[in-house]
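Everything below belongs to work35.cif, which stores mmCIF, C-alpha atoms.
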data_query
loop_
_atom_site.label_atom_id
_atom_site.label_comp_id
_atom_site.auth_asym_id
_atom_site.auth_seq_id
_atom_site.Cartn_x
_atom_site.Cartn_y
_atom_site.Cartn_z
CA MET A 1 15.95 -0.78 9.04
CA ALA A 2 12.44 0.58 8.89
CA SER A 3 8.83 -0.50 9.45
CA GLY A 4 5.31 0.73 8.79
CA SER A 5 1.77 -0.52 8.42
CA VAL A 6 -1.22 -0.42 6.10
CA PRO A 7 -4.81 -1.55 6.69
CA GLY A 8 -6.12 -4.82 5.32
CA VAL A 9 -4.77 -8.29 4.66
CA LEU A 10 -2.30 -9.66 2.12
CA LEU A 11 -3.26 -12.41 -0.31
CA ASN A 12 0.21 -13.92 -0.86
CA GLN A 13 3.83 -13.09 -1.68
CA TYR A 14 2.81 -11.36 -4.92
CA SER A 15 0.98 -8.70 -2.89
CA LEU A 16 4.35 -7.12 -2.00
CA SER A 17 6.86 -5.55 -4.37
CA GLU A 18 9.96 -3.39 -4.05
CA TYR A 19 10.64 -1.01 -6.93
CA GLY A 20 12.78 2.10 -7.12
CA GLY A 21 13.43 1.97 -3.39
CA ASN A 22 9.72 1.97 -2.53
CA LEU A 23 7.52 -0.82 -1.19
CA ARG A 24 4.21 -1.40 -3.02
CA ILE A 25 1.47 -3.32 -1.18
CA ALA A 26 -1.94 -4.57 -2.34
CA THR A 27 -4.44 -5.40 0.43
CA THR A 28 -8.13 -6.09 0.94
CA THR A 29 -9.96 -4.40 3.82
CA THR A 30 -13.27 -5.45 5.38
CA PRO A 31 -14.51 -2.94 7.98
CA ALA A 32 -15.54 -4.27 11.36
CA VAL A 33 -19.26 -4.31 12.12
CA SER A 34 -20.58 -2.40 15.11
CA PRO A 35 -22.86 -4.57 17.32
CA ARG A 36 -25.44 -1.79 17.23
CA GLY A 37 -25.19 -1.26 13.52
CA GLY A 38 -25.31 2.24 12.07
CA PRO A 39 -27.50 4.57 10.07
CA ASP A 40 -27.72 1.96 7.32
CA THR A 41 -28.17 -1.23 9.33
CA ALA A 42 -28.40 -3.53 6.29
CA THR A 43 -25.11 -2.25 4.90
CA SER A 44 -23.40 -2.13 8.31
CA ASN A 45 -24.25 -5.77 9.04
CA ASP A 46 -22.91 -7.00 5.70
CA PRO A 47 -19.12 -6.65 5.89
CA ALA A 48 -18.66 -8.17 2.42
CA ALA A 49 -20.69 -5.34 0.91
CA ARG A 50 -18.14 -2.85 2.25
CA THR A 51 -15.04 -4.84 1.38
CA GLU A 52 -12.64 -3.11 -0.98
CA SER A 53 -8.98 -3.25 -1.97
CA ALA A 54 -6.18 -0.76 -2.44
CA VAL A 55 -2.61 -0.42 -3.65
CA ARG A 56 -0.35 1.68 -1.43
CA VAL A 57 3.23 2.87 -1.83
CA LEU A 58 5.55 3.21 1.17
CA ALA A 59 8.92 5.00 1.30
CA ARG A 60 11.60 4.88 3.97
CA ARG A 61 11.85 7.94 6.18
CA GLY A 62 14.49 7.10 8.78
CA ALA A 63 13.18 4.20 10.85
CA ARG A 64 9.67 4.44 9.41
CA LEU A 65 7.99 3.31 6.22
CA GLU A 66 5.55 6.09 5.43
CA ARG A 67 2.74 6.08 2.89
CA ILE A 68 3.49 8.39 -0.01
CA GLY A 69 0.73 7.31 -2.37
CA GLU A 70 -2.33 5.10 -2.63
CA ILE A 71 -5.26 4.21 -4.83
CA GLY A 72 -8.30 2.66 -3.13
CA GLY A 73 -11.83 1.65 -3.98
CA LEU A 74 -10.79 -1.36 -6.06
CA GLY A 75 -13.43 -4.08 -6.32
CA LYS A 76 -16.00 -2.77 -3.86
CA GLY A 77 -17.80 -5.73 -2.29
CA GLU A 78 -15.06 -8.07 -3.56
CA ARG A 79 -11.66 -9.32 -2.42
CA ILE A 80 -8.34 -9.71 -4.18
CA TYR A 81 -7.84 -13.05 -5.94
CA SER A 82 -4.50 -12.31 -7.61
CA VAL A 83 -1.89 -9.55 -7.88
CA ARG A 84 1.14 -9.01 -10.07
CA PHE A 85 3.55 -6.08 -9.92
CA LEU A 86 5.57 -5.64 -13.12
CA GLY A 87 7.97 -2.69 -13.03
CA PRO A 88 6.01 0.56 -12.69
CA ALA A 89 2.62 -1.18 -13.02
CA ALA A 90 0.34 -3.36 -10.93
CA TYR A 91 -2.39 -5.75 -12.06
CA VAL A 92 -5.05 -6.63 -9.50
CA VAL A 93 -7.91 -9.12 -9.89
CA THR A 94 -10.88 -8.93 -7.54
CA PHE A 95 -13.91 -11.23 -7.56
CA ARG A 96 -17.30 -11.93 -6.09
CA GLN A 97 -19.53 -12.48 -9.11
CA VAL A 98 -17.46 -11.04 -11.98
CA ASP A 99 -13.72 -10.55 -12.38
CA PRO A 100 -12.47 -6.99 -12.74
CA LEU A 101 -8.83 -6.93 -13.81
CA TYR A 102 -7.45 -3.54 -12.79
CA ALA A 103 -4.36 -1.98 -14.35
CA VAL A 104 -2.67 0.49 -11.98
CA ASP A 105 -0.02 2.97 -13.16
CA LEU A 106 2.68 3.44 -10.51
CA LYS A 107 5.16 5.53 -12.53
CA ASP A 108 4.54 8.37 -10.09
CA PRO A 109 4.58 6.52 -6.76
CA ALA A 110 2.91 9.49 -5.05
CA LYS A 111 -0.04 9.42 -7.45
CA PRO A 112 -1.06 5.85 -8.39
CA ARG A 113 -3.92 5.76 -10.87
CA VAL A 114 -6.15 3.14 -12.45
CA THR A 115 -5.60 3.13 -16.21
CA GLY A 116 -8.03 0.37 -17.11
CA GLU A 117 -10.60 -2.10 -15.80
CA LEU A 118 -11.69 -5.28 -17.55
CA LYS A 119 -14.83 -7.06 -16.34
CA ILE A 120 -15.31 -10.70 -17.35
CA THR A 121 -16.96 -13.71 -15.76
CA GLY A 122 -14.80 -15.85 -13.52
CA TYR A 123 -11.43 -14.88 -12.10
CA SER A 124 -7.68 -15.38 -12.37
CA ALA A 125 -6.09 -16.71 -9.17
CA TYR A 126 -2.57 -16.52 -10.63
CA LEU A 127 -1.12 -13.99 -13.10
CA HIS A 128 2.07 -14.67 -15.04
CA PRO A 129 3.94 -12.30 -17.40
CA ALA A 130 4.25 -13.61 -20.95
CA SER A 131 5.65 -11.59 -23.86
CA PRO A 132 5.89 -7.80 -23.36
CA GLY A 133 2.43 -6.40 -22.70
CA ARG A 134 0.87 -9.83 -22.18
CA LEU A 135 -0.39 -11.57 -19.04
CA ILE A 136 -1.49 -15.17 -18.61
CA GLY A 137 -4.21 -15.73 -16.03
CA VAL A 138 -5.05 -19.10 -14.46
CA GLY A 139 -8.25 -19.45 -12.48
CA GLN A 140 -11.90 -20.37 -12.82
CA GLU A 141 -14.63 -19.61 -15.31
CA ALA A 142 -17.91 -18.66 -13.59
CA ASP A 143 -21.48 -17.84 -14.49
CA GLY A 144 -23.14 -14.48 -13.87
CA GLY A 145 -23.96 -15.48 -10.29
CA GLY A 146 -20.33 -16.23 -9.46
CA ARG A 147 -20.65 -20.03 -9.48
CA THR A 148 -17.41 -21.56 -10.75
CA ARG A 149 -17.53 -23.81 -13.82
CA GLY A 150 -13.99 -25.09 -14.33
CA THR A 151 -10.41 -24.17 -15.12
CA GLN A 152 -9.87 -21.10 -17.26
CA VAL A 153 -6.54 -20.04 -18.77
CA SER A 154 -6.72 -16.51 -20.20
CA LEU A 155 -4.38 -14.35 -22.26
CA PHE A 156 -4.62 -10.61 -21.64
CA ASP A 157 -3.22 -7.63 -23.52
CA VAL A 158 -2.13 -5.02 -20.96
CA ASN A 159 -0.26 -2.64 -23.26
CA ALA A 160 -3.07 -0.13 -22.69
CA ALA A 161 -6.46 -0.70 -21.04
CA PRO A 162 -6.54 -4.46 -20.35
CA ARG A 163 -8.45 -6.68 -22.76
CA LYS A 164 -8.82 -10.41 -23.12
CA LEU A 165 -7.33 -11.84 -26.31
CA ASP A 166 -8.04 -15.54 -25.99
CA GLY A 167 -8.42 -18.37 -23.51
CA TYR A 168 -8.97 -22.06 -22.91
CA ARG A 169 -11.53 -23.67 -20.61
CA LEU A 170 -11.66 -27.13 -19.09
CA PRO A 171 -15.10 -27.66 -17.49
CA ALA A 172 -15.49 -29.27 -14.05
CA SER A 173 -11.83 -29.01 -13.12
CA SER A 174 -9.38 -27.01 -11.01
CA ALA A 175 -5.76 -26.02 -11.58
CA ALA A 176 -3.01 -26.47 -9.00
CA ALA A 177 -1.58 -23.05 -9.97
CA GLU A 178 -4.63 -21.41 -8.36
CA PHE A 179 -3.07 -22.25 -5.01
CA GLU A 180 0.58 -23.04 -5.79
CA PRO A 181 2.33 -20.94 -8.47
CA HIS A 182 5.25 -23.38 -8.66
CA ALA A 183 2.89 -25.79 -10.40
CA PHE A 184 2.69 -23.45 -13.43
CA LEU A 185 5.19 -23.55 -16.30
CA TYR A 186 5.52 -21.01 -19.12
CA TRP A 187 8.46 -21.25 -21.51
CA PRO A 188 8.91 -17.90 -23.33
CA ARG A 189 11.12 -19.37 -26.07
CA ASN A 190 8.31 -21.37 -27.65
CA GLY A 191 5.20 -20.40 -25.67
CA LEU A 192 4.78 -23.87 -24.15
CA THR A 193 2.49 -23.61 -21.12
CA VAL A 194 1.85 -26.48 -18.71
CA VAL A 195 -0.98 -26.38 -16.16
CA PRO A 196 -1.54 -29.38 -13.86
CA VAL A 197 -5.30 -29.89 -13.42
CA SER A 198 -7.66 -32.21 -11.57
CA ARG A 199 -11.05 -33.05 -13.02
CA HIS A 200 -13.92 -33.19 -10.56
CA ASN A 201 -15.04 -36.71 -9.62
CA ALA A 202 -11.82 -38.21 -11.06
CA THR A 203 -9.13 -40.07 -9.12
CA ARG A 204 -6.21 -39.00 -11.28
CA GLY A 205 -4.92 -35.71 -12.52
CA GLU A 206 -3.15 -34.58 -15.65
CA ALA A 207 -0.94 -31.83 -17.00
CA LEU A 208 -2.75 -29.67 -19.53
CA VAL A 209 -0.29 -28.67 -22.26
CA LEU A 210 -1.04 -25.39 -24.07
CA LYS A 211 0.81 -23.12 -26.44
CA VAL A 212 0.60 -19.34 -26.03
CA GLU A 213 1.56 -17.78 -29.32
CA GLY A 214 0.77 -14.27 -30.52
CA ASP A 215 -2.83 -13.53 -29.53
CA ARG A 216 -3.88 -17.16 -29.18
CA VAL A 217 -4.00 -19.96 -26.60
CA LYS A 218 -3.96 -23.38 -28.26
CA ARG A 219 -4.40 -26.78 -26.60
CA LEU A 220 -1.69 -29.26 -27.62
CA GLY A 221 -2.85 -32.12 -25.43
CA SER A 222 -2.29 -33.49 -21.96
CA VAL A 223 0.19 -35.64 -20.06
CA ARG A 224 -0.98 -38.37 -17.66
CA HIS A 225 1.11 -40.58 -15.42
CA PRO A 226 0.59 -44.37 -15.18
CA GLY A 227 -1.87 -45.50 -12.54
CA SER A 228 -5.35 -44.53 -11.47
CA ASP A 229 -5.11 -42.92 -8.04
CA PHE A 230 -4.48 -39.46 -6.64
CA GLY A 231 -0.75 -40.18 -6.35
CA THR A 232 -0.45 -39.93 -10.13
CA SER A 233 -1.60 -36.30 -10.21
CA VAL A 234 1.07 -34.09 -11.78
CA GLN A 235 2.50 -31.57 -9.31
CA ARG A 236 5.41 -29.94 -11.19
CA SER A 237 6.92 -29.72 -14.66
CA LEU A 238 10.06 -28.43 -16.33
CA LEU A 239 11.74 -28.43 -19.72
CA VAL A 240 15.15 -29.97 -20.44
CA GLY A 241 16.00 -29.43 -24.09
CA ASP A 242 13.07 -30.76 -26.12
CA THR A 243 11.82 -32.95 -23.27
CA LEU A 244 8.99 -32.06 -20.93
CA TRP A 245 9.48 -33.61 -17.49
CA THR A 246 6.43 -33.95 -15.25
CA PHE A 247 6.47 -35.07 -11.62
CA SER A 248 3.89 -36.73 -9.38
CA ASP A 249 4.11 -38.59 -6.07
CA GLN A 250 4.51 -41.81 -8.06
CA GLY A 251 7.35 -40.83 -10.37
CA ALA A 252 8.78 -38.69 -13.18
CA GLN A 253 7.81 -38.90 -16.82
CA ALA A 254 9.73 -37.65 -19.85
CA THR A 255 7.54 -36.52 -22.76
CA ASP A 256 8.42 -35.29 -26.24
CA THR A 257 7.28 -31.65 -26.49
CA THR A 258 6.33 -31.98 -30.18
CA SER A 259 4.36 -35.22 -30.23
CA LEU A 260 3.57 -35.45 -26.46
CA LYS A 261 4.59 -39.11 -26.65
CA GLU A 262 6.12 -40.70 -23.57
CA ARG A 263 9.90 -41.13 -23.71
CA ALA A 264 10.54 -42.57 -20.27
CA TRP A 265 8.87 -43.32 -16.97
CA LEU A 266 10.86 -43.37 -13.72
CA HIS A 267 8.93 -44.87 -10.81
CA PHE A 268 9.86 -43.49 -7.39
#
Conversion result in structure tokens:
Amino acid sequence: MASGSVPGVLLNQYSLSEYGGNLRIATTTTPAVSPRGGPDTATSNDPAARTESAVRVLARRGARLERIGEIGGLGKGERIYSVRFLGPAAYVVTFRQVDPLYAVDLKDPAKPRVTGELKITGYSAYLHPASPGRLIGVGQEADGGGRTRGTQVSLFDVNAAPRKLDGYRLPASSAAAEFEPHAFLYWPRNGLTVVPVSRHNATRGEALVLKVEGDRVKRLGSVRHPGSDFGTSVQRSLLVGDTLWTFSDQGAQATDTTSLKERAWLHF
């Protein structure tokens, strides 16, 4: 019906959002470097230093999608690590050494504006809406130099300027949700949150079981599948009644959500 273009590259499916008949797009742009450099040769030959991100709004005008609003200059020298559009708002995480979480007001699509910026160490590679005004972030903790230190699950208040309420860290590990959002489970009814993780230098993974309640993130325990190889790493989870089902290449396990005791193991 219509088409248009914006500069930059998309991170993933969450970088695009339709709302109120408009298309919102979050992209990162790295300018090309001239072989001869420019007035500032050091800056010109360091594309990363000139990388920045933007949120743009496109509207249909006949057969064209035309830009009607944009806000740029997000995370200069950094790239987008996660995006989430929720109604008339966008939340954008950029990272190189620290993690700015930007809140963008899109109520007036012609005049997007940044309403808050939260700088913390590490980054969130996946953002998930929790209760109203709350976001759960899954990513990596990092030191001041940007070196990652392990899985970090964060709870943010985004009712106004974003602020971090609480979080949980698992050193020397990574979460599958950083790369595959289907691996993440959040159950609004009771706050149960399941994050499959892999510890560095280990041959088996586990499902980290947390509870997000109010302003807190509490660790309940973890679920491991029988065996000792990579095939036992948990890939997905879901709730059926009061039973947590987790799935790996080796089989499916039923676990009681209260005690985290195994109820059944079904080998594939």
**OP:** Decode the PyMOL selection byres ((chain A and resi 185-187) around 12) for the given file into explicit residues and return them as a PyMOL selection string.
**Re:** chain A and resi 126-131+135-138+176-177+180-184+188-196+207-213+235-242+244-246+257
**OP:** Could you tell me which of A:Arg56, A:Arg96, A:Arg79, A:Lys111 comes closest to Asp143 of chain A if we count all atoms listed in the file?
**Re:** A:Arg96
Original post:
Taking all atoms listed in the file into account, which of A:Leu10, A:Val93, A:Val234, A:Val223 comes nearest Arg263 of chain A?
Top reply: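 Closest residue, counting all atoms listed in the file: A:Val223.
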Original post:
From the list A:Thr115, A:Thr30, A:Thr151, A:Ser174, which residue is nearest Lys76 of chain A when using all atoms listed in the file?
Top reply: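 Looking only at the distances to Lys76 of chain A, the closest residue turns out to be A:Thr30.
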Original post:
Hey, what comes out of the PyMOL selection byres ((chain A and resi 86) around 12) on this file? Could you write it as a ChimeraX atom specification?
Top reply: /A:14-19,24,83-85,87-92,103-107,127-130,132-135,158
Subject >> Atomic separation - atom CA of Gly8 of chain A relative to atom CA of Thr28 of chain A, Å >> reply: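 Interatomic distance, atom CA of Thr28 of chain A to atom CA of Gly8 of chain A: 5.0 Å.
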Original post:
Hey, can you check how far atom CA of Glu70 of chain A sits from atom CA of Ser5 of chain A?
Top reply: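 For atom CA of Glu70 of chain A relative to atom CA of Ser5 of chain A, the distance reads 13.1 Å.
Evaluated on this file, the PyMOL selection byres ((chain A and resi 120) around 9) matches A:Val98, A:Asp99, A:Pro100, A:Leu101, A:Leu118, A:Lys119, A:Thr121, A:Gly122, A:Tyr123, A:Lys164.
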**OP:** Using all atoms listed in the file, determine which residues lie at most 8 Å from Tyr168 of chain A, disregarding the query and same-chain residues fewer than 4 positions distant; provide the list as a list in words.
**Re:**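 Returned residues: Gln152, Val153, Ser154, Val217, Lys218 and Arg219 of chain A.
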Original post:
Of the residues A:Asn159, A:Ser222, A:Thr29, A:Ser82, which is the one nearest to Thr51 of chain A, using all atoms listed in the file?
Top reply: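 Under the stated criterion, the closest residue is A:Thr29.
Separating atom CA of Val6 of chain A from atom CA of Gly69 of chain A is a distance of 11.6 Å.
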Atoms added to segment 212-223 of chain A (all heavy atoms), reported as a short mmCIF file (atom, residue, chain, number, x, y, z; two decimals), in the coordinates of the input:
data_model
loop_
_atom_site.label_atom_id
_atom_site.label_comp_id
_atom_site.auth_asym_id
_atom_site.auth_seq_id
_atom_site.Cartn_x
_atom_site.Cartn_y
_atom_site.Cartn_z
N VAL A 212 0.97 -20.76 -25.95
CA VAL A 212 0.60 -19.34 -26.03
C VAL A 212 1.46 -18.70 -27.09
O VAL A 212 2.69 -18.61 -26.95
CB VAL A 212 0.80 -18.64 -24.67
CG1 VAL A 212 0.50 -17.16 -24.79
CG2 VAL A 212 -0.09 -19.28 -23.61
N GLU A 213 0.82 -18.30 -28.17
CA GLU A 213 1.56 -17.78 -29.32
C GLU A 213 0.80 -16.61 -29.92
O GLU A 213 -0.36 -16.75 -30.31
CB GLU A 213 1.76 -18.88 -30.36
CG GLU A 213 2.71 -18.52 -31.47
CD GLU A 213 3.00 -19.72 -32.36
OE1 GLU A 213 2.08 -20.53 -32.59
OE2 GLU A 213 4.14 -19.84 -32.82
N GLY A 214 1.45 -15.44 -30.00
CA GLY A 214 0.77 -14.27 -30.52
C GLY A 214 -0.42 -13.90 -29.65
O GLY A 214 -0.29 -13.71 -28.44
N ASP A 215 -1.60 -13.86 -30.26
CA ASP A 215 -2.83 -13.53 -29.53
C ASP A 215 -3.66 -14.75 -29.20
O ASP A 215 -4.84 -14.62 -28.83
CB ASP A 215 -3.68 -12.55 -30.37
CG ASP A 215 -3.00 -11.21 -30.56
OD1 ASP A 215 -2.02 -10.94 -29.85
OD2 ASP A 215 -3.44 -10.45 -31.44
N ARG A 216 -3.09 -15.94 -29.31
CA ARG A 216 -3.88 -17.16 -29.18
C ARG A 216 -3.36 -18.09 -28.08
O ARG A 216 -2.18 -18.11 -27.76
CB ARG A 216 -3.89 -17.94 -30.51
CG ARG A 216 -4.53 -17.17 -31.65
CD ARG A 216 -6.00 -16.93 -31.40
NE ARG A 216 -6.62 -16.09 -32.42
CZ ARG A 216 -7.58 -15.21 -32.16
NH1 ARG A 216 -8.01 -15.06 -30.90
NH2 ARG A 216 -8.12 -14.50 -33.12
N VAL A 217 -4.31 -18.88 -27.53
CA VAL A 217 -4.00 -19.96 -26.60
C VAL A 217 -4.52 -21.24 -27.24
O VAL A 217 -5.73 -21.40 -27.47
CB VAL A 217 -4.67 -19.75 -25.23
CG1 VAL A 217 -4.37 -20.92 -24.31
CG2 VAL A 217 -4.22 -18.44 -24.60
N LYS A 218 -3.61 -22.15 -27.55
CA LYS A 218 -3.96 -23.38 -28.26
C LYS A 218 -3.69 -24.59 -27.37
O LYS A 218 -2.64 -24.67 -26.74
CB LYS A 218 -3.16 -23.49 -29.56
CG LYS A 218 -3.42 -24.75 -30.36
CD LYS A 218 -2.53 -24.79 -31.60
CE LYS A 218 -2.74 -26.09 -32.38
NZ LYS A 218 -1.83 -26.15 -33.56
N ARG A 219 -4.61 -25.54 -27.34
CA ARG A 219 -4.40 -26.78 -26.60
C ARG A 219 -3.61 -27.76 -27.46
O ARG A 219 -4.00 -28.07 -28.59
CB ARG A 219 -5.74 -27.41 -26.20
CG ARG A 219 -5.58 -28.68 -25.36
CD ARG A 219 -6.94 -29.30 -25.05
NE ARG A 219 -6.85 -30.42 -24.14
CZ ARG A 219 -6.58 -31.69 -24.50
NH1 ARG A 219 -6.40 -31.96 -25.79
NH2 ARG A 219 -6.50 -32.65 -23.59
N LEU A 220 -2.49 -28.26 -26.93
CA LEU A 220 -1.69 -29.26 -27.62
C LEU A 220 -2.06 -30.66 -27.20
O LEU A 220 -1.93 -31.60 -27.97
CB LEU A 220 -0.20 -29.01 -27.36
CG LEU A 220 0.37 -27.66 -27.82
CD1 LEU A 220 1.86 -27.60 -27.54
CD2 LEU A 220 0.10 -27.44 -29.31
N GLY A 221 -2.50 -30.81 -25.94
CA GLY A 221 -2.85 -32.12 -25.43
C GLY A 221 -2.69 -32.16 -23.94
O GLY A 221 -2.73 -31.13 -23.26
N SER A 222 -2.49 -33.36 -23.40
CA SER A 222 -2.29 -33.49 -21.96
C SER A 222 -1.34 -34.65 -21.68
O SER A 222 -1.16 -35.54 -22.51
CB SER A 222 -3.62 -33.70 -21.23
OG SER A 222 -4.25 -34.89 -21.68
N VAL A 223 -0.73 -34.60 -20.50
CA VAL A 223 0.19 -35.64 -20.06
C VAL A 223 -0.39 -36.28 -18.81
O VAL A 223 -0.74 -35.58 -17.85
CB VAL A 223 1.59 -35.07 -19.76
CG1 VAL A 223 2.49 -36.14 -19.16
CG2 VAL A 223 2.21 -34.50 -21.03
#
